[in-house]
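Have a look at start.cif; it's mmCIF, C-alpha atoms:
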data_coords
loop_
_atom_site.group_PDB
_atom_site.id
_atom_site.type_symbol
_atom_site.label_atom_id
_atom_site.label_comp_id
_atom_site.auth_asym_id
_atom_site.auth_seq_id
_atom_site.Cartn_x
_atom_site.Cartn_y
_atom_site.Cartn_z
ATOM 1 C CA MET A 18 100.206 -86.782 94.383
ATOM 2 C CA THR A 19 100.943 -83.097 93.953
ATOM 3 C CA ASP A 20 97.669 -82.688 92.094
ATOM 4 C CA ASP A 21 95.765 -84.420 94.889
ATOM 5 C CA LEU A 22 97.272 -82.165 97.512
ATOM 6 C CA LEU A 23 96.482 -79.039 95.542
ATOM 7 C CA GLU A 24 92.942 -80.258 94.970
ATOM 8 C CA GLU A 25 92.336 -80.891 98.653
ATOM 9 C CA SER A 26 93.968 -77.726 99.872
ATOM 10 C CA THR A 27 91.630 -75.571 97.792
ATOM 11 C CA PHE A 28 88.532 -77.245 99.221
ATOM 12 C CA ASP A 29 86.726 -75.651 102.155
ATOM 13 C CA ILE A 30 85.620 -78.192 104.750
ATOM 14 C CA PRO A 31 82.147 -77.304 106.062
ATOM 15 C CA PRO A 32 82.036 -75.985 109.647
ATOM 16 C CA GLY A 33 82.182 -78.592 112.413
ATOM 17 C CA PHE A 34 83.832 -81.322 110.313
ATOM 18 C CA THR A 35 87.303 -82.638 111.008
ATOM 19 C CA GLN A 36 89.371 -84.884 108.765
ATOM 20 C CA MET A 37 89.511 -88.476 109.989
ATOM 21 C CA ASN A 38 92.896 -89.702 111.036
ATOM 22 C CA TRP A 39 92.971 -92.960 109.104
ATOM 23 C CA VAL A 40 96.600 -93.376 108.139
ATOM 24 C CA ARG A 41 96.534 -97.061 107.227
ATOM 25 C CA GLY A 42 94.624 -99.610 105.231
ATOM 26 C CA PHE A 43 91.498 -99.153 103.168
ATOM 27 C CA GLY A 44 90.245 -96.344 105.409
ATOM 28 C CA ARG A 45 93.133 -94.234 104.188
ATOM 29 C CA GLN A 46 92.807 -95.505 100.617
ATOM 30 C CA MET A 47 89.152 -94.469 100.286
ATOM 31 C CA GLY A 48 89.732 -91.114 101.991
ATOM 32 C CA PRO A 49 90.102 -88.432 102.873
ATOM 33 C CA LEU A 50 86.963 -88.789 104.985
ATOM 34 C CA TYR A 51 85.559 -86.241 107.415
ATOM 35 C CA GLU A 52 83.232 -86.454 110.388
ATOM 36 C CA LYS A 53 81.183 -84.329 112.728
ATOM 37 C CA ILE A 54 79.982 -85.815 116.012
ATOM 38 C CA ALA A 55 77.494 -84.136 118.334
ATOM 39 C CA GLU A 56 77.587 -84.562 122.102
ATOM 40 C CA ASN A 57 74.475 -86.746 121.977
ATOM 41 C CA GLY A 58 76.268 -89.201 119.682
ATOM 42 C CA GLU A 59 74.583 -88.099 116.451
ATOM 43 C CA TYR A 60 77.182 -87.975 113.714
ATOM 44 C CA VAL A 61 77.728 -87.272 110.059
ATOM 45 C CA ARG A 62 80.586 -88.678 107.998
ATOM 46 C CA ALA A 63 81.473 -87.085 104.687
ATOM 47 C CA PHE A 64 83.788 -86.996 101.699
ATOM 48 C CA TYR A 65 84.456 -84.689 98.844
ATOM 49 C CA VAL A 66 84.172 -86.603 95.539
ATOM 50 C CA ALA A 67 87.695 -86.401 94.135
ATOM 51 C CA GLU A 68 89.025 -87.877 90.904
ATOM 52 C CA HIS A 69 90.164 -91.022 92.699
ATOM 53 C CA HIS A 70 86.559 -91.709 93.788
ATOM 54 C CA THR A 71 85.024 -91.586 90.308
ATOM 55 C CA ASN A 72 83.807 -94.057 87.695
ATOM 56 C CA GLY A 73 84.135 -93.760 83.911
ATOM 57 C CA MET A 74 81.255 -91.280 83.824
ATOM 58 C CA GLY A 75 82.889 -88.855 86.280
ATOM 59 C CA ASN A 76 80.470 -89.673 89.112
ATOM 60 C CA ALA A 77 81.260 -91.240 92.465
ATOM 61 C CA HIS A 78 81.928 -94.944 91.746
ATOM 62 C CA GLY A 79 79.256 -97.313 93.027
ATOM 63 C CA GLY A 80 81.940 -99.224 94.886
ATOM 64 C CA MET A 81 83.092 -96.051 96.618
ATOM 65 C CA LEU A 82 79.529 -95.214 97.662
ATOM 66 C CA MET A 83 79.107 -98.720 99.073
ATOM 67 C CA ALA A 84 82.409 -98.530 100.918
ATOM 68 C CA PHE A 85 81.363 -95.128 102.290
ATOM 69 C CA ALA A 86 77.989 -96.605 103.307
ATOM 70 C CA ASP A 87 79.823 -99.285 105.261
ATOM 71 C CA VAL A 88 81.772 -96.744 107.326
ATOM 72 C CA ALA A 89 78.999 -94.130 107.479
ATOM 73 C CA PHE A 90 76.217 -96.527 108.488
ATOM 74 C CA GLY A 91 78.439 -98.763 110.608
ATOM 75 C CA HIS A 92 79.807 -95.965 112.755
ATOM 76 C CA CYS A 93 76.650 -96.014 114.873
ATOM 77 C CA VAL A 94 77.862 -99.410 116.101
ATOM 78 C CA SER A 95 81.086 -97.781 117.321
ATOM 79 C CA ILE A 96 79.055 -95.018 118.979
ATOM 80 C CA ARG A 97 76.946 -97.611 120.800
ATOM 81 C CA CYS A 98 79.836 -99.972 121.637
ATOM 82 C CA PRO A 99 82.922 -97.731 121.656
ATOM 83 C CA ASP A 100 85.338 -100.352 123.013
ATOM 84 C CA ARG A 101 84.416 -103.198 120.688
ATOM 85 C CA TYR A 102 85.437 -104.303 117.235
ATOM 86 C CA TRP A 103 82.614 -105.051 114.845
ATOM 87 C CA VAL A 104 82.162 -106.540 111.403
ATOM 88 C CA THR A 105 79.583 -106.069 108.683
ATOM 89 C CA VAL A 106 77.374 -109.137 108.275
ATOM 90 C CA ARG A 107 74.986 -107.893 105.580
ATOM 91 C CA LEU A 108 74.521 -104.599 103.821
ATOM 92 C CA LEU A 109 71.822 -103.590 101.376
ATOM 93 C CA THR A 110 72.455 -100.414 99.419
ATOM 94 C CA ASP A 111 69.949 -98.681 97.146
ATOM 95 C CA PHE A 112 71.424 -96.199 94.694
ATOM 96 C CA VAL A 113 68.984 -93.312 94.438
ATOM 97 C CA SER A 114 70.931 -90.673 92.497
ATOM 98 C CA ALA A 115 74.477 -89.930 91.400
ATOM 99 C CA ALA A 116 77.115 -87.924 93.266
ATOM 100 C CA ARG A 117 79.324 -85.939 90.914
ATOM 101 C CA LYS A 118 82.985 -85.087 91.090
ATOM 102 C CA GLY A 119 83.291 -82.061 93.379
ATOM 103 C CA ASP A 120 80.175 -82.884 95.409
ATOM 104 C CA TRP A 121 80.354 -82.902 99.199
ATOM 105 C CA VAL A 122 78.641 -86.151 100.204
ATOM 106 C CA GLU A 123 77.388 -86.828 103.728
ATOM 107 C CA GLY A 124 76.018 -89.939 105.418
ATOM 108 C CA THR A 125 74.896 -91.300 108.752
ATOM 109 C CA GLY A 126 73.255 -94.341 110.321
ATOM 110 C CA GLU A 127 71.158 -95.284 113.327
ATOM 111 C CA VAL A 128 70.635 -98.508 115.225
ATOM 112 C CA VAL A 129 67.050 -99.663 114.704
ATOM 113 C CA GLY A 130 67.234 -103.079 116.309
ATOM 114 C CA ALA A 131 69.428 -105.274 118.484
ATOM 115 C CA GLU A 132 69.453 -109.040 119.022
ATOM 116 C CA ASP A 133 72.315 -110.480 121.078
ATOM 117 C CA ASP A 134 75.506 -109.333 119.335
ATOM 118 C CA LEU A 135 73.756 -108.349 116.075
ATOM 119 C CA LEU A 136 72.697 -104.758 115.456
ATOM 120 C CA SER A 137 70.322 -103.691 112.673
ATOM 121 C CA VAL A 138 71.127 -100.302 111.193
ATOM 122 C CA ARG A 139 69.364 -97.950 108.814
ATOM 123 C CA GLY A 140 71.382 -95.362 106.938
ATOM 124 C CA ARG A 141 71.257 -92.612 104.358
ATOM 125 C CA ILE A 142 73.766 -90.801 102.163
ATOM 126 C CA TRP A 143 72.972 -87.404 100.690
ATOM 127 C CA CYS A 144 74.366 -84.368 98.919
ATOM 128 C CA GLY A 145 72.596 -81.178 99.986
ATOM 129 C CA GLY A 146 68.871 -81.909 99.720
ATOM 130 C CA ARG A 147 69.368 -84.834 97.339
ATOM 131 C CA THR A 148 69.436 -88.438 98.583
ATOM 132 C CA ILE A 149 72.271 -90.441 96.996
ATOM 133 C CA MET A 150 71.763 -93.777 98.711
ATOM 134 C CA THR A 151 69.629 -95.468 101.331
ATOM 135 C CA GLY A 152 70.367 -98.756 102.972
ATOM 136 C CA THR A 153 70.073 -101.180 105.818
ATOM 137 C CA GLY A 154 72.728 -103.268 107.450
ATOM 138 C CA VAL A 155 73.374 -105.953 110.005
ATOM 139 C CA PHE A 156 76.559 -105.582 112.024
ATOM 140 C CA LYS A 157 78.057 -108.029 114.516
ATOM 141 C CA VAL A 158 79.793 -106.789 117.645
ATOM 142 C CA LEU A 159 83.044 -108.630 118.443
ATOM 143 C CA GLY A 160 85.558 -108.582 121.288
ATOM 144 C CA GLU A 161 87.225 -105.629 122.938
ATOM 145 C CA ARG A 162 89.112 -103.216 120.753
ATOM 146 C CA SER A 163 92.753 -102.662 121.648
ATOM 147 C CA ARG A 164 93.466 -99.092 122.692
ATOM 148 C CA ARG A 165 94.597 -96.799 119.906
ATOM 149 C CA LYS A 166 98.142 -95.563 120.395
ATOM 150 C CA MET B 15 104.902 -96.402 97.167
ATOM 151 C CA THR B 16 108.224 -98.225 97.121
ATOM 152 C CA ASP B 17 106.857 -100.716 99.638
ATOM 153 C CA ASP B 18 103.754 -101.275 97.524
ATOM 154 C CA LEU B 19 105.799 -101.928 94.416
ATOM 155 C CA LEU B 20 108.015 -104.413 96.216
ATOM 156 C CA GLU B 21 104.980 -106.140 97.673
ATOM 157 C CA GLU B 22 103.288 -106.465 94.297
ATOM 158 C CA SER B 23 106.389 -107.503 92.423
ATOM 159 C CA THR B 24 106.948 -110.458 94.735
ATOM 160 C CA PHE B 25 103.426 -111.780 94.230
ATOM 161 C CA ASP B 26 102.810 -114.442 91.614
ATOM 162 C CA ILE B 27 99.642 -113.850 89.616
ATOM 163 C CA PRO B 28 97.811 -117.151 89.027
ATOM 164 C CA PRO B 29 97.896 -118.472 85.441
ATOM 165 C CA GLY B 30 95.424 -116.904 83.011
ATOM 166 C CA PHE B 31 94.932 -113.667 84.945
ATOM 167 C CA THR B 32 96.005 -110.289 83.618
ATOM 168 C CA GLN B 33 96.153 -107.031 85.533
ATOM 169 C CA MET B 34 93.314 -104.667 84.692
ATOM 170 C CA ASN B 35 94.314 -101.456 83.037
ATOM 171 C CA TRP B 36 92.368 -99.048 85.244
ATOM 172 C CA VAL B 37 94.584 -95.992 85.378
ATOM 173 C CA ARG B 38 92.029 -93.496 86.659
ATOM 174 C CA GLY B 39 89.388 -93.000 89.292
ATOM 175 C CA PHE B 40 88.218 -95.415 91.949
ATOM 176 C CA GLY B 41 88.995 -98.428 89.770
ATOM 177 C CA ARG B 42 92.673 -97.570 90.079
ATOM 178 C CA GLN B 43 92.332 -96.594 93.739
ATOM 179 C CA MET B 44 90.871 -99.942 94.776
ATOM 180 C CA GLY B 45 93.330 -101.928 92.633
ATOM 181 C CA PRO B 46 95.344 -103.539 91.447
ATOM 182 C CA LEU B 47 92.608 -105.839 90.140
ATOM 183 C CA TYR B 48 93.049 -108.822 87.850
ATOM 184 C CA GLU B 49 90.747 -110.718 85.526
ATOM 185 C CA LYS B 50 90.493 -113.895 83.506
ATOM 186 C CA ILE B 51 87.880 -114.118 80.766
ATOM 187 C CA ALA B 52 87.003 -117.322 78.915
ATOM 188 C CA GLU B 53 85.869 -117.358 75.296
ATOM 189 C CA ASN B 54 82.319 -118.189 76.362
ATOM 190 C CA GLY B 55 82.170 -114.983 78.444
ATOM 191 C CA GLU B 56 82.653 -116.625 81.818
ATOM 192 C CA TYR B 57 85.020 -114.515 83.850
ATOM 193 C CA VAL B 58 86.731 -114.195 87.209
ATOM 194 C CA ARG B 59 87.961 -110.933 88.682
ATOM 195 C CA ALA B 60 90.459 -110.991 91.522
ATOM 196 C CA PHE B 61 92.674 -109.041 93.862
ATOM 197 C CA TYR B 62 95.463 -109.791 96.215
ATOM 198 C CA VAL B 63 94.626 -108.372 99.688
ATOM 199 C CA ALA B 64 97.322 -105.754 100.231
ATOM 200 C CA GLU B 65 97.817 -103.450 103.209
ATOM 201 C CA HIS B 66 95.801 -100.708 101.541
ATOM 202 C CA HIS B 67 92.759 -103.030 101.390
ATOM 203 C CA THR B 68 92.681 -103.892 105.088
ATOM 204 C CA ASN B 69 90.683 -102.885 108.164
ATOM 205 C CA GLY B 70 91.973 -102.425 111.709
ATOM 206 C CA MET B 71 91.998 -106.193 112.196
ATOM 207 C CA GLY B 72 94.260 -106.848 109.212
ATOM 208 C CA ASN B 73 91.487 -108.406 107.099
ATOM 209 C CA ALA B 74 90.055 -107.123 103.829
ATOM 210 C CA HIS B 75 87.911 -104.105 104.762
ATOM 211 C CA GLY B 76 84.158 -104.626 104.375
ATOM 212 C CA GLY B 77 84.029 -101.571 102.148
ATOM 213 C CA MET B 78 86.702 -103.009 99.875
ATOM 214 C CA LEU B 79 84.837 -106.308 99.616
ATOM 215 C CA MET B 80 81.634 -104.434 98.698
ATOM 216 C CA ALA B 81 83.468 -102.312 96.135
ATOM 217 C CA PHE B 82 84.999 -105.481 94.688
ATOM 218 C CA ALA B 83 81.539 -107.096 94.631
ATOM 219 C CA ASP B 84 80.276 -104.158 92.601
ATOM 220 C CA VAL B 85 82.902 -104.622 89.885
ATOM 221 C CA ALA B 86 83.058 -108.435 90.103
ATOM 222 C CA PHE B 87 79.285 -109.004 90.015
ATOM 223 C CA GLY B 88 78.548 -106.076 87.689
ATOM 224 C CA HIS B 89 80.984 -107.148 85.003
ATOM 225 C CA CYS B 90 78.479 -109.687 83.697
ATOM 226 C CA VAL B 91 76.444 -106.653 82.575
ATOM 227 C CA SER B 92 79.410 -105.473 80.485
ATOM 228 C CA ILE B 93 79.784 -108.993 79.057
ATOM 229 C CA ARG B 94 76.120 -109.033 78.045
ATOM 230 C CA CYS B 95 76.013 -105.400 76.829
ATOM 231 C CA PRO B 96 79.612 -104.588 75.861
ATOM 232 C CA ASP B 97 78.888 -101.197 74.277
ATOM 233 C CA ARG B 98 76.727 -99.745 77.036
ATOM 234 C CA TYR B 99 77.345 -97.909 80.258
ATOM 235 C CA TRP B 100 75.566 -99.258 83.305
ATOM 236 C CA VAL B 101 74.961 -98.252 86.893
ATOM 237 C CA THR B 102 74.320 -100.191 90.050
ATOM 238 C CA VAL B 103 70.743 -99.757 91.290
ATOM 239 C CA ARG B 104 70.759 -102.062 94.307
ATOM 240 C CA LEU B 105 73.301 -104.406 95.774
ATOM 241 C CA LEU B 106 72.902 -106.818 98.655
ATOM 242 C CA THR B 107 76.097 -108.273 100.070
ATOM 243 C CA ASP B 108 76.318 -111.038 102.659
ATOM 244 C CA PHE B 109 79.648 -111.340 104.431
ATOM 245 C CA VAL B 110 80.300 -115.041 104.940
ATOM 246 C CA SER B 111 83.921 -115.140 106.099
ATOM 247 C CA ALA B 112 86.971 -112.896 106.275
ATOM 248 C CA ALA B 113 89.700 -112.472 103.663
ATOM 249 C CA ARG B 114 93.099 -111.923 105.218
ATOM 250 C CA LYS B 115 96.005 -109.805 104.127
ATOM 251 C CA GLY B 116 97.923 -111.829 101.526
ATOM 252 C CA ASP B 117 94.872 -113.795 100.361
ATOM 253 C CA TRP B 118 94.107 -114.041 96.656
ATOM 254 C CA VAL B 119 90.399 -113.253 96.412
ATOM 255 C CA GLU B 120 88.287 -114.084 93.354
ATOM 256 C CA GLY B 121 84.737 -113.206 92.354
ATOM 257 C CA THR B 122 82.245 -113.476 89.525
ATOM 258 C CA GLY B 123 78.609 -112.828 88.701
ATOM 259 C CA GLU B 124 75.899 -114.081 86.369
ATOM 260 C CA VAL B 125 72.743 -112.517 84.993
ATOM 261 C CA VAL B 126 69.732 -114.359 86.434
ATOM 262 C CA GLY B 127 66.959 -112.088 85.191
ATOM 263 C CA ALA B 128 66.228 -109.234 82.802
ATOM 264 C CA GLU B 129 63.332 -106.780 82.676
ATOM 265 C CA ASP B 130 63.600 -103.912 80.190
ATOM 266 C CA ASP B 131 66.871 -102.136 81.032
ATOM 267 C CA LEU B 132 67.232 -103.758 84.473
ATOM 268 C CA LEU B 133 69.364 -106.861 84.945
ATOM 269 C CA SER B 134 69.310 -109.034 88.069
ATOM 270 C CA VAL B 135 72.643 -110.533 88.964
ATOM 271 C CA ARG B 136 73.822 -113.156 91.427
ATOM 272 C CA GLY B 137 77.441 -113.193 92.509
ATOM 273 C CA ARG B 138 79.983 -114.842 94.741
ATOM 274 C CA ILE B 139 83.423 -113.968 96.103
ATOM 275 C CA TRP B 140 85.772 -116.657 97.377
ATOM 276 C CA CYS B 141 89.295 -117.472 98.442
ATOM 277 C CA GLY B 142 90.315 -120.992 97.495
ATOM 278 C CA GLY B 143 87.474 -123.236 98.665
ATOM 279 C CA ARG B 144 86.168 -120.696 101.183
ATOM 280 C CA THR B 145 83.258 -118.364 100.324
ATOM 281 C CA ILE B 146 83.930 -114.777 101.410
ATOM 282 C CA MET B 147 80.736 -113.100 100.217
ATOM 283 C CA THR B 148 77.537 -113.844 98.358
ATOM 284 C CA GLY B 149 75.201 -111.271 96.946
ATOM 285 C CA THR B 150 72.559 -110.184 94.506
ATOM 286 C CA GLY B 151 72.326 -106.989 92.534
ATOM 287 C CA VAL B 152 70.162 -104.994 90.178
ATOM 288 C CA PHE B 153 71.995 -103.098 87.461
ATOM 289 C CA LYS B 154 70.561 -100.616 84.968
ATOM 290 C CA VAL B 155 71.850 -100.483 81.411
ATOM 291 C CA LEU B 156 72.357 -96.936 80.097
ATOM 292 C CA GLY B 157 73.339 -95.381 76.771
ATOM 293 C CA GLU B 158 76.208 -96.270 74.479
ATOM 294 C CA ARG B 159 79.677 -96.259 75.935
ATOM 295 C CA SER B 160 82.197 -94.018 74.195
ATOM 296 C CA ARG B 161 85.044 -95.973 72.632
ATOM 297 C CA ARG B 162 88.067 -96.371 74.871
ATOM 298 C CA LYS B 163 91.186 -94.662 73.505
#

Before anything else, please render the file you have as structure tokens.
Amino acid sequence: MTDDLLEESTFDIPPGFTQMNWVRGFGRQMGPLYEKIAENGEYVRAFYVAEHHTNGMGNAHGGMLMAFADVAFGHCVSIRCPDRYWVTVRLLTDFVSAARKGDWVEGTGEVVGAEDDLLSVRGRIWCGGRTIMTGTGVFKVLGERSRRK
Amino acid sequence: MTDDLLEESTFDIPPGFTQMNWVRGFGRQMGPLYEKIAENGEYVRAFYVAEHHTNGMGNAHGGMLMAFADVAFGHCVSIRCPDRYWVTVRLLTDFVSAARKGDWVEGTGEVVGAEDDLLSVRGRIWCGGRTIMTGTGVFKVLGERSRRK
């Protein structure tokens, strides 16, 4: 853990991003994640590819990119329905290029369709000018979220 | 970490499964994972849903299920091409039902098509008799894998 802390403390977080406060569960396990949210609701989530995100080739693991897609694309559901839980129903992820250890990877999503409690979302993950992943998802809005303490 | 160790040590691994020896990268981070491989190449990968795999509702996080799908479905590529690296090109995951904390979740995949260096795979994840996720993927076979030390 000492190595991890040293690694993170020497990394400069780009302006406007704050570290997400996920202290439990898989959100913490896949982190640290960062986000930047504009007043109009546009947002970017991000992570710095650390050793614990990599595959055997030293790139971001496909599973990590998919997990990041889930939280990066799906967040537009939380923006639209801030007081509701939601679940992922279907997610299609296309791997366009690799993210390497040390890369700062960003992603976002937007709602492109709504039918009852199902929202269709389109998302993209990139590193600088290079697209890492594109995808589409269907998310289902559930009941009211209990207030965070 | 003490809590994690206690949690894992009190869990009985089903007969035939061994813990995967992923000591680095995202494979370790998303673990512990288990696998059972038959002589004919049929295999099952599995994990026990621990706290660090969960979402805010106490179920397996969608991102964790997708990451598990990547390694559970994709392993049939390693079975078919044991000396080659591979990458995920596209993965479609359909979330059928939730896996809860404490559930033993299993998954496997099979090659259903091959075109040059691209393999099409169909996979399923389940918990007992209940399907958790179905999916299809396209995986690309790359160059020779360096021997594990």

What lies within 10 Å of A:Gly48 using only C-alpha atoms, ignoring chain neighbours under 5 positions off, as a compact mmCIF listing (two decimals) with C-alpha atoms, in the coordinates of the input?
# COMPACT_ATOMS: atom_id res chain seq x y z
CA GLN A 36 89.37 -84.88 108.76
CA MET A 37 89.51 -88.48 109.99
CA ASN A 38 92.90 -89.70 111.04
CA TRP A 39 92.97 -92.96 109.10
CA VAL A 40 96.60 -93.38 108.14
CA PHE A 43 91.50 -99.15 103.17
CA ALA A 63 81.47 -87.08 104.69
CA PHE A 64 83.79 -87.00 101.70
CA TYR A 65 84.46 -84.69 98.84
CA VAL A 66 84.17 -86.60 95.54
CA ALA A 67 87.70 -86.40 94.14
CA HIS A 69 90.16 -91.02 92.70
CA HIS A 70 86.56 -91.71 93.79
CA MET A 81 83.09 -96.05 96.62
CA PHE A 85 81.36 -95.13 102.29

* Asked: In Å, with one decimal, what is the gap from atom CA of B:Arg136 to atom CA of A:Phe112?
  ->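 It comes out at 17.4 Å.
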
* Asked: Residues picked by the PyMOL selection byres ((chain A) within 8 of (chain B)) here, as an MDAnalysis selection string?
  -> chainID A and resid 41:47 68:73 78:81 83:88 104:113

* Can you tell me how far atom CA of A:Asp133 sits from atom CA of A:Val158, in Å to one decimal? ->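 Atom CA of A:Val158 lies at a distance of 9.0 Å from atom CA of A:Asp133.
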
* **the PyMOL selection byres ((chain B and resi 132) around 8) applied to the shown file, residues as a count of residues only** => 10

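Here the question is which of A:Phe34, A:Val138, A:Gly58, A:Glu52 gets nearest to A:Pro99 using only C-alpha atoms, and that residue is A:Gly58.
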
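For A:Arg97, the list of residues within 10 Å, based on all atoms listed in the file and with local chain neighbours fewer than 3 positions off taken out, reads Gly58, His92, Cys93, Val94, Asp100, Arg101, Glu127, Val128 and Leu136 of chain A.
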
* To do: Take atom CA of B:Val58 and atom CA of A:Gly91 and report the distance between them in Å, one decimal.
  =>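 Going from atom CA of B:Val58 over to atom CA of A:Gly91 covers 29.2 Å.
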
* Nearby residues, (73.8, -88.0, 94.0) file frame, 7 Å, only C-alpha atoms, as a PyMOL selection string -> chain A and resi 114-117+143-144+147-149

Is it possible to get the axis-aligned box enclosing stretch 135-146 of chain A (all listed atoms, 8 Å extra per side) as JSON, with centre and edge lengths in Å rounded to one decimal?
{"center_x": 71.6, "center_y": -94.8, "center_z": 107.5, "size_x": 21.5, "size_y": 43.2, "size_z": 33.2}

* Asked: Which of these residues is nearest to B:Ile51, using all atoms listed in the file: B:Leu156, B:Gly127, B:Val119, B:Thr32?
  ->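 Of B:Leu156, B:Gly127, B:Val119, B:Thr32, the one nearest B:Ile51 is B:Thr32, counting all atoms listed in the file.
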
* Can you give me, as a ChimeraX atom specification, the residues this file yields under the PyMOL selection byres ((chain A and resi 62) around 7)? => /A:51-53,60-61,63,89,123-125

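Considering the residues A:Phe90, A:Pro32, A:Trp121, A:Ser95 and counting only C-alpha atoms, A:Leu50 has its shortest atom-to-atom contact with A:Trp121.
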
Completion step: stretch 51-63 of chain B with N, CA, C and O atoms as a PDB file, keeping the file's coordinate frame:
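result-v3.pdb, freshly written:
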ATOM      1  N   ILE B  51      89.133-114.014  81.509  1.00  0.00           N
ATOM      2  CA  ILE B  51      87.880-114.118  80.766  1.00  0.00           C
ATOM      3  C   ILE B  51      87.984-115.266  79.772  1.00  0.00           C
ATOM      4  O   ILE B  51      88.907-115.306  78.954  1.00  0.00           O
ATOM      5  N   ALA B  52      87.028-116.187  79.843  1.00  0.00           N
ATOM      6  CA  ALA B  52      87.003-117.322  78.915  1.00  0.00           C
ATOM      7  C   ALA B  52      86.295-116.905  77.623  1.00  0.00           C
ATOM      8  O   ALA B  52      85.588-115.897  77.580  1.00  0.00           O
ATOM      9  N   GLU B  53      86.478-117.694  76.588  1.00  0.00           N
ATOM     10  CA  GLU B  53      85.869-117.358  75.296  1.00  0.00           C
ATOM     11  C   GLU B  53      84.344-117.356  75.352  1.00  0.00           C
ATOM     12  O   GLU B  53      83.691-116.645  74.601  1.00  0.00           O
ATOM     13  N   ASN B  54      83.788-118.144  76.248  1.00  0.00           N
ATOM     14  CA  ASN B  54      82.319-118.189  76.362  1.00  0.00           C
ATOM     15  C   ASN B  54      81.766-117.053  77.228  1.00  0.00           C
ATOM     16  O   ASN B  54      80.569-117.001  77.488  1.00  0.00           O
ATOM     17  N   GLY B  55      82.634-116.143  77.674  1.00  0.00           N
ATOM     18  CA  GLY B  55      82.170-114.983  78.444  1.00  0.00           C
ATOM     19  C   GLY B  55      82.234-115.189  79.948  1.00  0.00           C
ATOM     20  O   GLY B  55      82.026-114.241  80.703  1.00  0.00           O
ATOM     21  N   GLU B  56      82.482-116.425  80.374  1.00  0.00           N
ATOM     22  CA  GLU B  56      82.653-116.625  81.818  1.00  0.00           C
ATOM     23  C   GLU B  56      83.931-115.922  82.257  1.00  0.00           C
ATOM     24  O   GLU B  56      84.929-115.927  81.541  1.00  0.00           O
ATOM     25  N   TYR B  57      83.877-115.320  83.426  1.00  0.00           N
ATOM     26  CA  TYR B  57      85.020-114.515  83.850  1.00  0.00           C
ATOM     27  C   TYR B  57      85.206-114.634  85.356  1.00  0.00           C
ATOM     28  O   TYR B  57      84.279-114.982  86.097  1.00  0.00           O
ATOM     29  N   VAL B  58      86.416-114.331  85.786  1.00  0.00           N
ATOM     30  CA  VAL B  58      86.731-114.195  87.209  1.00  0.00           C
ATOM     31  C   VAL B  58      87.526-112.915  87.366  1.00  0.00           C
ATOM     32  O   VAL B  58      88.462-112.666  86.606  1.00  0.00           O
ATOM     33  N   ARG B  59      87.144-112.082  88.305  1.00  0.00           N
ATOM     34  CA  ARG B  59      87.961-110.933  88.682  1.00  0.00           C
ATOM     35  C   ARG B  59      88.604-111.245  90.033  1.00  0.00           C
ATOM     36  O   ARG B  59      88.075-112.059  90.793  1.00  0.00           O
ATOM     37  N   ALA B  60      89.709-110.600  90.328  1.00  0.00           N
ATOM     38  CA  ALA B  60      90.459-110.991  91.522  1.00  0.00           C
ATOM     39  C   ALA B  60      91.301-109.846  92.045  1.00  0.00           C
ATOM     40  O   ALA B  60      91.578-108.876  91.324  1.00  0.00           O
ATOM     41  N   PHE B  61      91.653-109.931  93.305  1.00  0.00           N
ATOM     42  CA  PHE B  61      92.674-109.041  93.862  1.00  0.00           C
ATOM     43  C   PHE B  61      93.410-109.772  94.973  1.00  0.00           C
ATOM     44  O   PHE B  61      92.898-110.723  95.565  1.00  0.00           O
ATOM     45  N   TYR B  62      94.589-109.283  95.177  1.00  0.00           N
ATOM     46  CA  TYR B  62      95.463-109.791  96.215  1.00  0.00           C
ATOM     47  C   TYR B  62      95.308-108.822  97.386  1.00  0.00           C
ATOM     48  O   TYR B  62      95.482-107.608  97.212  1.00  0.00           O
ATOM     49  N   VAL B  63      94.899-109.272  98.563  1.00  0.00           N
ATOM     50  CA  VAL B  63      94.626-108.372  99.688  1.00  0.00           C
ATOM     51  C   VAL B  63      95.933-107.743 100.183  1.00  0.00           C
ATOM     52  O   VAL B  63      96.738-108.405 100.841  1.00  0.00           O
TER      53      VAL B  63
END
